[in-house]
Every structure is written in structure tokens, then in C-alpha cells.
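Participant: Take this structure first; my questions come after.
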Amino acid sequence: MKKYIYAFLFILFADFSVYAEENPRVVSLSPSLTEIVFQLGKGTCLVGRSAVCNYPEEASKIPVAGNLGSPYMEKLAVLKPSILIISSFQDPSVRKTLENMGVKVVVLPMDSIDCYFSGVKELGKILHCEAAAEKEIERVKKGLESFKENIKSTVPEKRPLVYLEVWNSPLMTVGRKSFINDFISYAGGKNVAGNEAKDYFTCSEEWVIISNPDIIISPAMGKEQMKDILKRSGWAGITAIKNKRVYLALNQDLIYRLGPRILEGIEIINKCIYPEKEGDKKGVCAN
């Protein structure tokens, strides 16, 4: 019986000892998590970041300790972090190596808005800033409720159909399992791929034509690429093209990154869907 008690105590200690360190040395290999740490006022705990962690500005001063989801082992040996936070590993076997180095690995997926809330709460515990974490959760929830309030008078069936193009070669869009689908919904639109039980998937030009979106949003394409969209076979008849409701060159980090700037990302999409609020019926990025 005693051995089971000892085993339980060992697991308990192993799981929660990370919370005992007042100012842990943290490496973040996720841009979303890096932004959350700063949002919680704990940026000074970060001793390493991924090469794509570029916000806020202070993050650029932190040493690069890996790529997105892929740590540099030699750099970690120098930085000596006590905790590594990450949304997912490119190579899951690396986790065991890190743990053998004495690094506590905390995996916090950022796949949904609920994941964001749970990630903020967990980081609040790890970084001893539970009050700041609760404040952040309430801030975002309040903002989301405001978006819901703004669009509640428009029934879902009447909302504009939105095709969001994540990439153009091959064509890639978002299904209902992507948080971007939720962004579109909060922004007052209806994702043309909302019935697809996927997160991101490739689609054909014909599929987009059949879907006939009212609005096309392609954040990654520059405005000069509008001519490339117009050259796509059969696209001239799409409602979004005919009405010049195509939006390009948007801030990709705000739309594709699930972090403290969630509300700003939704606002960008909202302005594309309802540009009349800005006094411009063709919106801010239409060609």
C-alpha cells in the first residue's frame, strides 16, 4: 500500500512542482503563448522564444531558442529554462529529451477559443498571476459577447457567405473545426465551409464557384494579386467578385494567431463583412 502512496506523491510533486517556482525561466515556442505571457505582465520570465514570436515589440529582444514547435537543443542548454511552453511539437519525441534535460514541458494547444481560455488559466497558475489571467479571460469574453450582441438581429441564414482563403496555391480554406470559423461567425458572417468537419483543407476553384461566396477574404495575398484572382476560370461570376467584395493584404497575425488580440482579428473580418460601418460600401481592402 505504501508504494502506491509514494507513487501518487511522486506524480503529484512532478506535476505541480513547476508551480512552486516564483519566477520561472520560460522558453515559449508559440507566438500565441508568447503574447499571452506578455499580456499577463510576465514578459520578464521569458528567456527564449521561437523565431516567429514577433509581438509585442519586446519579444524581439529575447533570444531565439527554436522554430515554431521545434526547439534548438544547444540553445536550450545555454539558456537553462525551467519551463518550455509550446502549442504542439513538430517532432513529439523531442519532449522526452527535454524532460531528461530537466525542463518541464507544458503543452497548451491553441486550436479553439476555449483552448485560449484554458491556456491563459494554466499560464496564470504557472506564472503566479491568477488574477491577471482571470482578468484577461473576462476581457475577451466580454468582447465576444459584444460581437454577439451586435449581430443578434441578423439571423444566421441571412448573414453574408464568406470564403476565407488561407493560401492560394493550392487553394486552402477553413472548416468548422478552425477557430477562424468562429471568428467569421462572431464577425457576423457565415463560413461557406462551415459544414466541413475539418480545420484547414484544400479545395478546388470549382468548389468556390459552387459555394458562391458574397465575400472573399485572403489575408496573405497582396493587393497587386487581385489580377491573379480575376484570372481564375469561372470566378468572374462569383457574387463577391461581381460586387468587388474581395479583401486582401490583411494582418495575418491577427487573423491566424489565437492570442490576446483575438478581438482585433474578429474586428478585421467584421469590417470586411460590414464595411458600411466605416462609411465605405466597398470596404477597406476591396479592389
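Ligands are numbered from 1 in the order shown, residues from 1 within each chain, and chains are lettered A, B, ... in the order they appear in the C-alpha cells.
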Can you pull out every residue within 12 Å of range 95-97 of chain A, counting only C-alpha atoms, but drop anything in the same chain fewer than 3 positions away, and send it as a list in words?
Facilitator: Gly69, Ser70, Pro71, Tyr72, Met73, Leu76, Ala77, Ile83, Leu84, Ile85, Ile86, Ser88, Phe89, Gln90, Asp91, Pro92, Asn100, Met101, Gly102, Val103, Lys104, Val105, Val106 and Val107 of chain A
Participant: How would the residues just chosen look if you wrote them out with C-alpha atoms as a PDB file, in the first residue's frame?
Facilitator:
ATOM      1  CA  GLY A  69       7.174  23.869 -32.368  1.00  0.00           C
ATOM      2  CA  SER A  70      10.834  22.876 -32.769  1.00  0.00           C
ATOM      3  CA  PRO A  71      13.426  23.719 -30.068  1.00  0.00           C
ATOM      4  CA  TYR A  72      17.149  24.263 -30.605  1.00  0.00           C
ATOM      5  CA  MET A  73      18.646  21.857 -28.063  1.00  0.00           C
ATOM      6  CA  LEU A  76      18.277  25.494 -24.529  1.00  0.00           C
ATOM      7  CA  ALA A  77      21.353  24.016 -22.873  1.00  0.00           C
ATOM      8  CA  ILE A  83       9.802  25.505 -18.304  1.00  0.00           C
ATOM      9  CA  LEU A  84       9.150  25.231 -22.028  1.00  0.00           C
ATOM     10  CA  ILE A  85       5.680  26.194 -23.227  1.00  0.00           C
ATOM     11  CA  ILE A  86       4.515  25.083 -26.639  1.00  0.00           C
ATOM     12  CA  SER A  88       2.466  21.425 -30.352  1.00  0.00           C
ATOM     13  CA  PHE A  89       5.713  19.702 -31.307  1.00  0.00           C
ATOM     14  CA  GLN A  90       6.822  19.172 -34.870  1.00  0.00           C
ATOM     15  CA  ASP A  91       8.554  16.051 -33.535  1.00  0.00           C
ATOM     16  CA  PRO A  92       6.771  14.719 -30.406  1.00  0.00           C
ATOM     17  CA  ASN A 100      15.623  14.333 -19.490  1.00  0.00           C
ATOM     18  CA  MET A 101      17.371  17.722 -19.534  1.00  0.00           C
ATOM     19  CA  GLY A 102      15.290  18.736 -16.529  1.00  0.00           C
ATOM     20  CA  VAL A 103      12.968  21.037 -18.476  1.00  0.00           C
ATOM     21  CA  LYS A 104       9.297  20.971 -17.524  1.00  0.00           C
ATOM     22  CA  VAL A 105       7.289  20.792 -20.767  1.00  0.00           C
ATOM     23  CA  VAL A 106       3.841  22.381 -20.793  1.00  0.00           C
ATOM     24  CA  VAL A 107       1.802  21.756 -23.952  1.00  0.00           C
TER      25      VAL A 107
END
Participant: List the spatial neighbours of Pro213 in chain A as a ChimeraX atom specification - criterion: any atom at most 7 Å away, only C-alpha atoms, same-chain residues fewer than 6 positions off excluded.
Facilitator: /A:161-163,192,238-240
Participant: Take the residues just selected and output them with N, CA and C atoms as a PDB file, in the first residue's frame.
Facilitator:
ATOM      1  N   LEU A 161     -22.216  35.104 -46.953  1.00  0.00           N
ATOM      2  CA  LEU A 161     -21.356  33.929 -47.082  1.00  0.00           C
ATOM      3  C   LEU A 161     -19.913  34.379 -47.287  1.00  0.00           C
ATOM      4  N   VAL A 162     -19.024  33.821 -46.483  1.00  0.00           N
ATOM      5  CA  VAL A 162     -17.615  34.227 -46.517  1.00  0.00           C
ATOM      6  C   VAL A 162     -16.725  33.047 -46.898  1.00  0.00           C
ATOM      7  N   TYR A 163     -15.881  33.272 -47.892  1.00  0.00           N
ATOM      8  CA  TYR A 163     -14.833  32.310 -48.238  1.00  0.00           C
ATOM      9  C   TYR A 163     -13.513  32.920 -47.793  1.00  0.00           C
ATOM     10  N   VAL A 192     -18.510  29.624 -45.743  1.00  0.00           N
ATOM     11  CA  VAL A 192     -19.014  28.741 -46.798  1.00  0.00           C
ATOM     12  C   VAL A 192     -18.623  27.285 -46.545  1.00  0.00           C
ATOM     13  N   ILE A 238     -18.740  34.889 -59.632  1.00  0.00           N
ATOM     14  CA  ILE A 238     -18.948  34.778 -58.184  1.00  0.00           C
ATOM     15  C   ILE A 238     -19.458  36.118 -57.650  1.00  0.00           C
ATOM     16  N   THR A 239     -20.434  36.060 -56.765  1.00  0.00           N
ATOM     17  CA  THR A 239     -21.049  37.281 -56.236  1.00  0.00           C
ATOM     18  C   THR A 239     -20.012  38.234 -55.646  1.00  0.00           C
ATOM     19  N   ALA A 240     -19.045  37.706 -54.884  1.00  0.00           N
ATOM     20  CA  ALA A 240     -18.018  38.549 -54.262  1.00  0.00           C
ATOM     21  C   ALA A 240     -17.201  39.302 -55.303  1.00  0.00           C
TER      22      ALA A 240
END
Participant: Between A:Ala51, A:Leu79, A:Ile262, A:Ile268, which residue has the minimum interatomic distance to Leu248 in chain A, considering only C-alpha atoms?
Facilitator: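 Counting only C-alpha atoms, the residue closest to Leu248 in chain A is A:Ile268.
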Participant: Any chance you could list, as a list in words, the residues in range 39-90 of chain A that come up helix (DSSP H, G or I) when DSSP is run on the backbone?
Facilitator: Gln39, Gly43, Thr44, Cys45, Glu57, Glu58, Ala59, Ser60, Lys61, Met73, Glu74, Lys75, Leu76, Ala77, Val78 and Leu79 of chain A
Participant: As number ranges by chain, please: all residues of range 55-225 of chain A that backbone DSSP puts in strand (DSSP E or B).
Facilitator: A: 64-67, 70-71, 83-86, 104-107, 161-164, 167-168, 171-174, 190-191, 200-202, 215-218
Participant: Next, dump the selected residues to file, keeping only N, CA and C atoms, as a CSV table (one decimal), in the first residue's frame.
Facilitator:
chain,number,residue,atom,x,y,z
A,64,VAL,N,16.4,33.8,-29.6
A,64,VAL,CA,15.7,32.8,-30.4
A,64,VAL,C,16.1,31.4,-29.9
A,65,ALA,N,15.2,30.6,-29.5
A,65,ALA,CA,15.5,29.2,-28.9
A,65,ALA,C,14.9,28.1,-29.7
A,66,GLY,N,14.4,28.4,-30.9
A,66,GLY,CA,13.8,27.4,-31.8
A,66,GLY,C,12.9,28.0,-32.8
A,67,ASN,N,12.4,27.1,-33.7
A,67,ASN,CA,11.4,27.5,-34.6
A,67,ASN,C,10.0,27.1,-34.0
A,70,SER,N,9.6,23.6,-32.6
A,70,SER,CA,10.8,22.9,-32.8
A,70,SER,C,12.0,23.6,-32.0
A,71,PRO,N,12.4,23.1,-30.9
A,71,PRO,CA,13.4,23.7,-30.1
A,71,PRO,C,14.8,23.5,-30.6
A,83,ILE,N,11.1,25.9,-17.7
A,83,ILE,CA,9.8,25.5,-18.3
A,83,ILE,C,9.9,25.8,-19.8
A,84,LEU,N,9.3,24.9,-20.6
A,84,LEU,CA,9.2,25.2,-22.0
A,84,LEU,C,7.7,25.1,-22.3
A,85,ILE,N,7.1,26.2,-22.9
A,85,ILE,CA,5.7,26.2,-23.2
A,85,ILE,C,5.6,26.1,-24.7
A,86,ILE,N,4.6,25.4,-25.2
A,86,ILE,CA,4.5,25.1,-26.6
A,86,ILE,C,3.1,24.7,-27.0
A,104,LYS,N,10.7,21.3,-17.6
A,104,LYS,CA,9.3,21.0,-17.5
A,104,LYS,C,8.6,21.4,-18.8
A,105,VAL,N,8.0,20.5,-19.5
A,105,VAL,CA,7.3,20.8,-20.8
A,105,VAL,C,5.8,21.0,-20.5
A,106,VAL,N,5.3,22.1,-20.9
A,106,VAL,CA,3.8,22.4,-20.8
A,106,VAL,C,3.3,22.6,-22.2
A,107,VAL,N,2.4,21.7,-22.6
A,107,VAL,CA,1.8,21.8,-24.0
A,107,VAL,C,0.4,22.4,-23.8
A,161,LEU,N,-22.2,35.1,-47.0
A,161,LEU,CA,-21.4,33.9,-47.1
A,161,LEU,C,-19.9,34.4,-47.3
A,162,VAL,N,-19.0,33.8,-46.5
A,162,VAL,CA,-17.6,34.2,-46.5
A,162,VAL,C,-16.7,33.0,-46.9
A,163,TYR,N,-15.9,33.3,-47.9
A,163,TYR,CA,-14.8,32.3,-48.2
A,163,TYR,C,-13.5,32.9,-47.8
A,164,LEU,N,-12.9,32.3,-46.8
A,164,LEU,CA,-11.6,32.8,-46.3
A,164,LEU,C,-10.5,31.9,-46.9
A,167,TRP,N,-4.6,30.1,-48.2
A,167,TRP,CA,-3.5,30.0,-49.1
A,167,TRP,C,-4.0,29.9,-50.5
A,168,ASN,N,-3.2,30.3,-51.5
A,168,ASN,CA,-3.7,30.3,-52.8
A,168,ASN,C,-3.1,29.3,-53.8
A,171,LEU,N,-5.3,26.1,-53.3
A,171,LEU,CA,-6.3,26.8,-52.5
A,171,LEU,C,-6.6,26.1,-51.2
A,172,MET,N,-6.6,26.9,-50.1
A,172,MET,CA,-6.8,26.3,-48.8
A,172,MET,C,-7.8,27.2,-48.0
A,173,THR,N,-8.7,26.6,-47.3
A,173,THR,CA,-9.7,27.4,-46.6
A,173,THR,C,-9.9,26.7,-45.2
A,174,VAL,N,-10.9,27.2,-44.4
A,174,VAL,CA,-11.1,26.7,-43.1
A,174,VAL,C,-12.5,26.1,-42.9
A,190,LYS,N,-21.1,34.0,-42.4
A,190,LYS,CA,-21.3,32.6,-42.4
A,190,LYS,C,-20.3,31.9,-43.3
A,191,ASN,N,-19.4,31.1,-42.7
A,191,ASN,CA,-18.4,30.4,-43.4
A,191,ASN,C,-18.9,29.5,-44.5
A,200,TYR,N,-8.4,22.9,-41.4
A,200,TYR,CA,-7.9,23.5,-42.7
A,200,TYR,C,-7.9,22.5,-43.8
A,201,PHE,N,-8.3,22.8,-45.0
A,201,PHE,CA,-8.3,21.8,-46.0
A,201,PHE,C,-8.2,22.5,-47.4
A,202,THR,N,-7.7,21.7,-48.4
A,202,THR,CA,-7.6,22.3,-49.7
A,202,THR,C,-8.9,22.1,-50.4
A,215,ILE,N,-18.5,37.3,-50.0
A,215,ILE,CA,-17.3,38.0,-49.6
A,215,ILE,C,-16.1,37.0,-49.7
A,216,ILE,N,-15.0,37.5,-50.2
A,216,ILE,CA,-13.8,36.7,-50.3
A,216,ILE,C,-12.7,37.4,-49.4
A,217,ILE,N,-12.1,36.7,-48.5
A,217,ILE,CA,-11.1,37.3,-47.7
A,217,ILE,C,-9.8,36.5,-47.8
A,218,SER,N,-8.8,37.1,-48.3
A,218,SER,CA,-7.5,36.4,-48.5
A,218,SER,C,-6.4,37.2,-47.9
Participant: Env of range 150-152 of chain A: 12 Å cut, atoms = only C-alpha atoms, seq-sep filter 4 positions within chain, self excluded. Answer as a PDB file with N, CA and C atoms, in the first residue's frame.
Facilitator:
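The result, stored in result_7.pdb:
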ATOM      1  N   GLY A 143     -15.696  40.965 -24.746  1.00  0.00           N
ATOM      2  CA  GLY A 143     -15.589  41.403 -26.138  1.00  0.00           C
ATOM      3  C   GLY A 143     -16.369  40.501 -27.075  1.00  0.00           C
ATOM      4  N   LEU A 144     -16.308  39.195 -26.841  1.00  0.00           N
ATOM      5  CA  LEU A 144     -17.042  38.250 -27.676  1.00  0.00           C
ATOM      6  C   LEU A 144     -18.551  38.446 -27.520  1.00  0.00           C
ATOM      7  N   GLU A 145     -18.982  38.703 -26.297  1.00  0.00           N
ATOM      8  CA  GLU A 145     -20.403  38.959 -26.063  1.00  0.00           C
ATOM      9  C   GLU A 145     -20.865  40.216 -26.788  1.00  0.00           C
ATOM     10  N   SER A 146     -19.978  41.206 -26.867  1.00  0.00           N
ATOM     11  CA  SER A 146     -20.299  42.439 -27.578  1.00  0.00           C
ATOM     12  C   SER A 146     -20.504  42.166 -29.062  1.00  0.00           C
ATOM     13  N   PRO A 156     -28.722  33.763 -38.702  1.00  0.00           N
ATOM     14  CA  PRO A 156     -27.606  33.121 -39.424  1.00  0.00           C
ATOM     15  C   PRO A 156     -27.861  32.908 -40.907  1.00  0.00           C
ATOM     16  N   GLU A 157     -29.098  32.574 -41.271  1.00  0.00           N
ATOM     17  CA  GLU A 157     -29.406  32.299 -42.679  1.00  0.00           C
ATOM     18  C   GLU A 157     -29.266  33.537 -43.566  1.00  0.00           C
ATOM     19  N   LYS A 158     -29.324  34.711 -42.973  1.00  0.00           N
ATOM     20  CA  LYS A 158     -29.256  35.961 -43.733  1.00  0.00           C
ATOM     21  C   LYS A 158     -27.851  36.577 -43.731  1.00  0.00           C
ATOM     22  N   ARG A 159     -26.951  35.956 -43.030  1.00  0.00           N
ATOM     23  CA  ARG A 159     -25.612  36.534 -42.931  1.00  0.00           C
ATOM     24  C   ARG A 159     -24.813  36.266 -44.208  1.00  0.00           C
ATOM     25  N   PRO A 160     -23.946  37.196 -44.604  1.00  0.00           N
ATOM     26  CA  PRO A 160     -23.171  37.039 -45.838  1.00  0.00           C
ATOM     27  C   PRO A 160     -22.287  35.786 -45.810  1.00  0.00           C
ATOM     28  N   ILE A 184     -15.257  34.207 -38.016  1.00  0.00           N
ATOM     29  CA  ILE A 184     -16.197  34.625 -39.049  1.00  0.00           C
ATOM     30  C   ILE A 184     -17.599  34.747 -38.471  1.00  0.00           C
ATOM     31  N   SER A 185     -17.967  33.789 -37.639  1.00  0.00           N
ATOM     32  CA  SER A 185     -19.294  33.810 -37.025  1.00  0.00           C
ATOM     33  C   SER A 185     -19.467  35.008 -36.105  1.00  0.00           C
ATOM     34  N   TYR A 186     -18.503  35.258 -35.227  1.00  0.00           N
ATOM     35  CA  TYR A 186     -18.579  36.415 -34.329  1.00  0.00           C
ATOM     36  C   TYR A 186     -18.590  37.718 -35.111  1.00  0.00           C
ATOM     37  N   ALA A 187     -17.932  37.708 -36.284  1.00  0.00           N
ATOM     38  CA  ALA A 187     -17.868  38.920 -37.104  1.00  0.00           C
ATOM     39  C   ALA A 187     -19.157  39.161 -37.875  1.00  0.00           C
ATOM     40  N   GLY A 188     -20.080  38.205 -37.815  1.00  0.00           N
ATOM     41  CA  GLY A 188     -21.371  38.399 -38.472  1.00  0.00           C
ATOM     42  C   GLY A 188     -21.498  37.754 -39.819  1.00  0.00           C
ATOM     43  N   GLY A 189     -20.569  36.857 -40.152  1.00  0.00           N
ATOM     44  CA  GLY A 189     -20.641  36.170 -41.437  1.00  0.00           C
ATOM     45  C   GLY A 189     -20.945  34.698 -41.265  1.00  0.00           C
ATOM     46  N   LYS A 190     -21.053  34.019 -42.397  1.00  0.00           N
ATOM     47  CA  LYS A 190     -21.305  32.583 -42.418  1.00  0.00           C
ATOM     48  C   LYS A 190     -20.255  31.929 -43.305  1.00  0.00           C
ATOM     49  N   GLU A 267     -12.472  41.836 -35.425  1.00  0.00           N
ATOM     50  CA  GLU A 267     -12.852  43.167 -35.906  1.00  0.00           C
ATOM     51  C   GLU A 267     -12.426  43.379 -37.353  1.00  0.00           C
ATOM     52  N   ASN A 270     -14.890  41.571 -39.378  1.00  0.00           N
ATOM     53  CA  ASN A 270     -16.166  42.286 -39.278  1.00  0.00           C
ATOM     54  C   ASN A 270     -16.201  43.485 -40.223  1.00  0.00           C
ATOM     55  N   ILE A 273     -16.865  42.320 -43.699  1.00  0.00           N
ATOM     56  CA  ILE A 273     -18.248  41.879 -43.915  1.00  0.00           C
ATOM     57  C   ILE A 273     -19.227  43.043 -43.901  1.00  0.00           C
ATOM     58  N   TYR A 274     -18.985  43.988 -42.987  1.00  0.00           N
ATOM     59  CA  TYR A 274     -19.886  45.137 -42.844  1.00  0.00           C
ATOM     60  C   TYR A 274     -19.116  46.450 -42.981  1.00  0.00           C
ATOM     61  N   LYS A 277     -20.161  50.230 -41.991  1.00  0.00           N
ATOM     62  CA  LYS A 277     -19.958  50.838 -40.676  1.00  0.00           C
ATOM     63  C   LYS A 277     -18.826  51.852 -40.718  1.00  0.00           C
TER      64      LYS A 277
END
Participant: CA of Glu35 in chain A and CA of Lys223 in chain A are how many Å apart?
Facilitator: 28.2 Å
